[in-house]
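**Q** The structure under discussion is supplied below as structure tokens; questions concerning it will follow.
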Amino acid sequence: MAIKVGILLFLVCSTLIPIGRGLAETVVDVTKFGAKPNGKVDSSMEMIRAWNKACKSPGPSAKLLIPRGKFRTGEVIFQGPCTANKRVTVEIQGTLIADTDLSVYTSDYWISFEHVDNVVVTGGGTINGRGQATWKYAAGDTIQNAPLLPVSMLFQSVRHSAVHHLNFVNSMGFHMKVTDSSGINVSHLHITAPKNSPNTDGIHISETTHINITDSVIKTGDDCVSIGDGNTNVIVSKIKCGPGHGISIGSIGKRADEKSVKGVRVSDCTLTGTTNGARIKTYRASPKLQVSNIIFENLILKNVKRPIIIDQDYNSKNRIQPSNVKIRDVHFRNIRGTTSSKNAVTLTCSKSNPCEGIEFANIDIAPTPKVRGLLPVSCVNAKPIFKGKVKPARCRC
């Protein structure tokens, strides 16, 4: 009798949909587990229970369905590993709304996918962090050493997975973070937050290999894409960025346990009204690290304050010890557009570890009408190689 009851409960809470050749995809609807689409009742545990059913269900694939409606949650952990070789699709059709009571978050994330392979998060829905209620608690000049506000969506120790066709709005902290992962594809996201919202990076990655971030619109108060330490083989392409702080590698070298960055290509992006364009930033008094094999190419700039910048003095209170991050083999190619600053291109490299192998090829940056002329490329502890047309004028090193 107990076996029959168990089978009945499984059929009530999930549906088997044929997918060909006798196989079936298990569809688990979160509302069948009690999640309420009214935006008022907390549905955190219901989401987790539904995930566990999809993750551990039989068959080669499963779908966690979050249907239309507004679902309010606090911290939610979608944890693996799932059934061997299973593909799990999380289809968000509705809107997830964050609980703005920071006491319900035990860590610095809101929705987390951990130790899971072959997960796809999609559906056209919206992840609304409601950050406007919590940004006043962000660390800054008025609040020192405050904890990080929760990231809207975290991928941690995730393999061979994807996120696409979603909308992120007003995250409390970063909109999305990928860390300690590999084989990740991120595409067709629309990410928005006010230009004065603190630490609302669009996508931040760290200690990740083989990640593609493409075909997305990112408008935030911080970096559109920030590439932290420990990353290798990163592709960022076809991003419409702005407002925000641009597309950055760094900051690198703040902590003693950081790792080097190697193999980053940023291409075919448009930056509009950003404070920076292509940027690399490192701290002084850093551990010995490298940032190498970097390409910024085919970028269009529209009223960007600092189009190209290497800053090895970034946010550093230590003015004695130079940065120990070695920046080498960096290429800026086919970058054109307008700038709102006379200092369009600035290379401030480390005195103890000068930049090496910095290439400029076919750079055409013009001042906006309010700017009267551009200063030459500023070169500190760097001897760049110039090829083709380079505007502003080349530095004399």
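Identifiers in this document derive from the order of the structure tokens: chains are assigned A, B, ..., residues are numbered from 1 separately in each chain, and ligands are numbered from 1 in order of occurrence.
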Which residues, written as a ChimeraX atom specification, have at least one atom at most 6 Å from Val30 of chain A, with only C-alpha atoms counted and residues fewer than 6 positions away on the same chain left out?

**A** /A:47,50,66

**Q** Which residues are close to segment 276-291 of chain A, i.e. within 6 Å by only C-alpha atoms, leaving aside same-chain residues fewer than 3 positions away? Reply as number ranges by chain.

**A** A: 245-254, 256, 260-262, 305-314, 316, 321-327

**Q** Could you save the residues just selected, with N, CA and C atoms, as a compact mmCIF listing (two decimals), in the first residue's frame?

**A**
# COMPACT_ATOMS: atom_id res chain seq x y z
N HIS A 245 30.32 50.67 -15.79
CA HIS A 245 31.76 50.92 -15.71
C HIS A 245 32.54 50.24 -16.82
N GLY A 246 31.84 49.67 -17.79
CA GLY A 246 32.54 49.05 -18.92
C GLY A 246 32.76 47.57 -18.73
N ILE A 247 33.72 47.03 -19.48
CA ILE A 247 34.08 45.62 -19.41
C ILE A 247 35.49 45.53 -18.85
N SER A 248 35.62 44.89 -17.70
CA SER A 248 36.87 44.96 -16.93
C SER A 248 37.46 43.60 -16.65
N ILE A 249 38.79 43.54 -16.70
CA ILE A 249 39.54 42.44 -16.11
C ILE A 249 40.05 42.95 -14.77
N GLY A 250 39.57 42.36 -13.70
CA GLY A 250 39.96 42.82 -12.38
C GLY A 250 38.74 43.20 -11.56
N SER A 251 39.00 43.64 -10.33
CA SER A 251 40.36 43.93 -9.85
C SER A 251 41.10 42.63 -9.51
N ILE A 252 42.42 42.68 -9.74
CA ILE A 252 43.28 41.54 -9.51
C ILE A 252 44.30 41.90 -8.44
N GLY A 253 44.53 40.97 -7.50
CA GLY A 253 45.61 41.16 -6.54
C GLY A 253 45.23 41.72 -5.20
N LYS A 254 43.95 41.72 -4.88
CA LYS A 254 43.54 42.25 -3.57
C LYS A 254 43.79 41.25 -2.46
N ALA A 256 45.46 37.41 -0.95
CA ALA A 256 46.69 36.62 -1.07
C ALA A 256 46.49 35.32 -1.83
N SER A 260 46.16 33.60 -11.36
CA SER A 260 46.39 34.38 -12.57
C SER A 260 45.22 34.28 -13.55
N VAL A 261 45.21 35.20 -14.51
CA VAL A 261 44.20 35.24 -15.57
C VAL A 261 44.90 35.04 -16.91
N LYS A 262 44.37 34.13 -17.73
CA LYS A 262 45.01 33.86 -19.02
C LYS A 262 43.96 33.52 -20.06
N LYS A 305 34.05 57.68 -21.15
CA LYS A 305 34.97 58.58 -20.48
C LYS A 305 36.42 58.13 -20.60
N ARG A 306 36.70 56.87 -20.32
CA ARG A 306 38.06 56.34 -20.42
C ARG A 306 38.03 55.09 -21.31
N PRO A 307 38.16 55.26 -22.60
CA PRO A 307 37.96 54.13 -23.53
C PRO A 307 38.91 52.96 -23.32
N ILE A 308 40.20 53.24 -23.08
CA ILE A 308 41.18 52.17 -22.90
C ILE A 308 42.02 52.52 -21.68
N ILE A 309 42.07 51.61 -20.71
CA ILE A 309 42.80 51.92 -19.48
C ILE A 309 43.39 50.67 -18.86
N ILE A 310 44.67 50.75 -18.51
CA ILE A 310 45.32 49.79 -17.62
C ILE A 310 45.70 50.55 -16.37
N ASP A 311 45.18 50.11 -15.24
CA ASP A 311 45.37 50.82 -13.98
C ASP A 311 45.90 49.85 -12.93
N GLN A 312 47.21 49.92 -12.67
CA GLN A 312 47.81 49.05 -11.66
C GLN A 312 47.95 49.74 -10.32
N ASP A 313 47.28 50.87 -10.17
CA ASP A 313 47.17 51.56 -8.89
C ASP A 313 45.73 51.54 -8.40
N TYR A 314 44.93 50.64 -8.88
CA TYR A 314 43.49 50.69 -8.65
C TYR A 314 43.14 50.66 -7.16
N SER A 316 44.08 51.68 -4.47
CA SER A 316 45.12 51.20 -3.56
C SER A 316 45.50 52.28 -2.55
N GLN A 321 54.39 50.10 -1.99
CA GLN A 321 54.65 48.86 -2.70
C GLN A 321 53.88 48.82 -4.03
N PRO A 322 54.57 48.57 -5.12
CA PRO A 322 53.88 48.51 -6.40
C PRO A 322 53.13 47.20 -6.57
N SER A 323 52.34 47.13 -7.61
CA SER A 323 51.62 45.89 -7.91
C SER A 323 52.60 44.82 -8.37
N ASN A 324 52.38 43.59 -7.94
CA ASN A 324 53.19 42.46 -8.38
C ASN A 324 52.48 41.63 -9.45
N VAL A 325 51.45 42.21 -10.05
CA VAL A 325 50.76 41.55 -11.15
C VAL A 325 51.47 41.91 -12.46
N LYS A 326 51.92 40.91 -13.19
CA LYS A 326 52.58 41.11 -14.47
C LYS A 326 51.54 41.09 -15.58
N ILE A 327 51.40 42.20 -16.28
CA ILE A 327 50.47 42.29 -17.41
C ILE A 327 51.28 42.19 -18.70

**Q** Show me, as a ChimeraX atom specification, the residues that have an atom within 8 Å of segment 220-236 of chain A when counting only C-alpha atoms, minus same-chain residues fewer than 3 positions from it.

**A** /A:191-214,239,241-253,258-267

**Q** Go ahead and save the residues from that selection, with C-alpha atoms, as a PDB file, in the first residue's frame.

**A**
ATOM      1  CA  ILE A 191      20.220  43.099 -17.241  1.00  0.00           C
ATOM      2  CA  THR A 192      19.178  46.497 -15.882  1.00  0.00           C
ATOM      3  CA  ALA A 193      19.769  48.607 -12.782  1.00  0.00           C
ATOM      4  CA  PRO A 194      20.115  52.380 -12.232  1.00  0.00           C
ATOM      5  CA  LYS A 195      23.463  53.876 -13.164  1.00  0.00           C
ATOM      6  CA  ASN A 196      24.029  54.985  -9.560  1.00  0.00           C
ATOM      7  CA  SER A 197      23.277  51.573  -8.004  1.00  0.00           C
ATOM      8  CA  PRO A 198      26.328  50.276  -6.066  1.00  0.00           C
ATOM      9  CA  ASN A 199      28.176  47.050  -6.938  1.00  0.00           C
ATOM     10  CA  THR A 200      25.500  45.854  -9.345  1.00  0.00           C
ATOM     11  CA  ASP A 201      27.872  44.211 -11.821  1.00  0.00           C
ATOM     12  CA  GLY A 202      26.021  42.516 -14.648  1.00  0.00           C
ATOM     13  CA  ILE A 203      28.065  39.307 -14.795  1.00  0.00           C
ATOM     14  CA  HIS A 204      31.097  38.548 -12.630  1.00  0.00           C
ATOM     15  CA  ILE A 205      33.286  35.496 -13.170  1.00  0.00           C
ATOM     16  CA  SER A 206      36.126  34.027 -11.136  1.00  0.00           C
ATOM     17  CA  GLU A 207      38.176  30.800 -11.157  1.00  0.00           C
ATOM     18  CA  THR A 208      36.299  29.574 -14.214  1.00  0.00           C
ATOM     19  CA  THR A 209      37.501  27.972 -17.445  1.00  0.00           C
ATOM     20  CA  HIS A 210      35.851  27.952 -20.861  1.00  0.00           C
ATOM     21  CA  ILE A 211      33.022  30.445 -20.477  1.00  0.00           C
ATOM     22  CA  ASN A 212      31.220  32.312 -23.272  1.00  0.00           C
ATOM     23  CA  ILE A 213      29.177  35.446 -22.542  1.00  0.00           C
ATOM     24  CA  THR A 214      27.382  36.666 -25.665  1.00  0.00           C
ATOM     25  CA  ILE A 239      27.472  42.844 -25.531  1.00  0.00           C
ATOM     26  CA  CYS A 241      26.987  47.821 -22.383  1.00  0.00           C
ATOM     27  CA  GLY A 242      25.957  51.050 -20.751  1.00  0.00           C
ATOM     28  CA  PRO A 243      25.473  52.789 -18.505  1.00  0.00           C
ATOM     29  CA  GLY A 244      28.023  51.212 -16.224  1.00  0.00           C
ATOM     30  CA  HIS A 245      31.757  50.925 -15.710  1.00  0.00           C
ATOM     31  CA  GLY A 246      32.536  49.049 -18.916  1.00  0.00           C
ATOM     32  CA  ILE A 247      34.084  45.619 -19.411  1.00  0.00           C
ATOM     33  CA  SER A 248      36.870  44.964 -16.934  1.00  0.00           C
ATOM     34  CA  ILE A 249      39.543  42.440 -16.110  1.00  0.00           C
ATOM     35  CA  GLY A 250      39.955  42.821 -12.379  1.00  0.00           C
ATOM     36  CA  SER A 251      40.356  43.929  -9.847  1.00  0.00           C
ATOM     37  CA  ILE A 252      43.276  41.537  -9.507  1.00  0.00           C
ATOM     38  CA  GLY A 253      45.614  41.157  -6.538  1.00  0.00           C
ATOM     39  CA  GLU A 258      44.213  34.809  -5.934  1.00  0.00           C
ATOM     40  CA  LYS A 259      45.210  33.106  -9.200  1.00  0.00           C
ATOM     41  CA  SER A 260      46.388  34.384 -12.571  1.00  0.00           C
ATOM     42  CA  VAL A 261      44.196  35.238 -15.570  1.00  0.00           C
ATOM     43  CA  LYS A 262      45.009  33.856 -19.015  1.00  0.00           C
ATOM     44  CA  GLY A 263      43.177  33.881 -22.319  1.00  0.00           C
ATOM     45  CA  VAL A 264      40.448  36.542 -22.516  1.00  0.00           C
ATOM     46  CA  ARG A 265      38.871  37.793 -25.751  1.00  0.00           C
ATOM     47  CA  VAL A 266      36.409  40.693 -25.696  1.00  0.00           C
ATOM     48  CA  SER A 267      35.041  41.416 -29.158  1.00  0.00           C
TER      49      SER A 267
END

**Q** Please return, as a PyMOL selection string, all residues of segment 49-241 of chain A that DSSP assigns to strand (DSSP E or B) on the basis of the backbone.

**A** chain A and resi 61-66+70-73+76-79+87-92+95-98+109-117+119-122+126-128+151-169+176-179+182-192+203-206+209-219+225-227+232-241

**Q** Could you please determine the separation between atom CA of Gly388 of chain A and atom CA of Ile363 of chain A in Å, to one decimal place?

**A** 8.1 Å

**Q** Which is closer to Pro37 of chain A than all the others in A:Phe71, A:Phe155, A:Phe168, A:Phe174, using only C-alpha atoms?

**A**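 Of A:Phe71, A:Phe155, A:Phe168, A:Phe174, the one nearest Pro37 of chain A is A:Phe71, counting only C-alpha atoms.
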
**Q** Neighbouring residues of Val76 of chain A were defined as those with any atom within 7 Å, considering only C-alpha atoms; residues of the same chain fewer than 2 positions away were excluded. Please report them as a VMD selection string.

**A** chain A and resid 44 48 74 78 110 to 112

**Q** Assign secondary structure with DSSP using the backbone only, and return the residues of segment 124-286 of chain A in helix (DSSP H, G or I) as a list in words.

**A** Gly131, Gln132, Ala133, Trp135, Lys136 and Tyr137 of chain A

**Q** Could you write those residues out with N, CA and C atoms, as a short mmCIF file (atom, residue, chain, number, x, y, z; two decimals), in the first residue's frame?

**A**
data_model
loop_
_atom_site.label_atom_id
_atom_site.label_comp_id
_atom_site.auth_asym_id
_atom_site.auth_seq_id
_atom_site.Cartn_x
_atom_site.Cartn_y
_atom_site.Cartn_z
N GLY A 131 16.74 45.54 -5.41
CA GLY A 131 17.90 46.12 -4.73
C GLY A 131 17.69 47.52 -4.21
N GLN A 132 16.73 48.24 -4.76
CA GLN A 132 16.51 49.62 -4.31
C GLN A 132 16.18 49.70 -2.83
N ALA A 133 15.72 48.57 -2.26
CA ALA A 133 15.41 48.56 -0.82
C ALA A 133 16.64 48.27 0.04
N TRP A 135 20.25 48.84 -1.26
CA TRP A 135 21.50 49.46 -1.69
C TRP A 135 22.07 50.42 -0.64
N LYS A 136 21.22 50.96 0.19
CA LYS A 136 21.70 51.88 1.23
C LYS A 136 22.61 51.18 2.24
N TYR A 137 22.59 49.84 2.26
CA TYR A 137 23.43 49.07 3.17
C TYR A 137 24.73 48.60 2.52
#

**Q** Which residues are close to Arg49 of chain A, i.e. within 8 Å by only C-alpha atoms, leaving aside same-chain residues fewer than 4 positions away? Reply as a list of chain:residue names.

**A** A:Phe33, A:Met45, A:Lys53

**Q** Take atom CA of Val377 of chain A and atom CA of Asn343 of chain A and report the distance between them in Å, one decimal.

**A**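 Going from atom CA of Val377 of chain A over to atom CA of Asn343 of chain A, I get 7.5 Å.
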
**Q** Please list as an MDAnalysis selection string every residue within 6 Å of segment 296-302 of chain A, counting only C-alpha atoms and excluding residues in the same chain fewer than 5 positions away.

**A** chainID A and resid 266:272 332:338

**Q** For C-alpha atoms, I'd like the residues from the last selection saved as a CSV table (one decimal), in the first residue's frame.

**A**
chain,number,residue,atom,x,y,z
A,266,VAL,CA,36.4,40.7,-25.7
A,267,SER,CA,35.0,41.4,-29.2
A,268,ASP,CA,32.2,43.0,-31.1
A,269,CYS,CA,30.8,45.0,-28.2
A,270,THR,CA,29.2,48.4,-28.1
A,271,LEU,CA,29.8,50.6,-25.0
A,272,THR,CA,27.5,53.7,-24.5
A,332,PHE,CA,43.8,46.5,-28.4
A,333,ARG,CA,42.6,46.2,-32.0
A,334,ASN,CA,40.0,47.9,-34.2
A,335,ILE,CA,38.5,50.2,-31.5
A,336,ARG,CA,36.6,53.3,-32.6
A,337,GLY,CA,34.2,55.9,-31.4
A,338,THR,CA,34.0,58.9,-29.1

**Q** Between A:Asn145, A:Thr368, A:Thr73, A:Ser378, which one has atoms that come closest to Ala98 of chain A, using only C-alpha atoms?

**A** A:Thr73
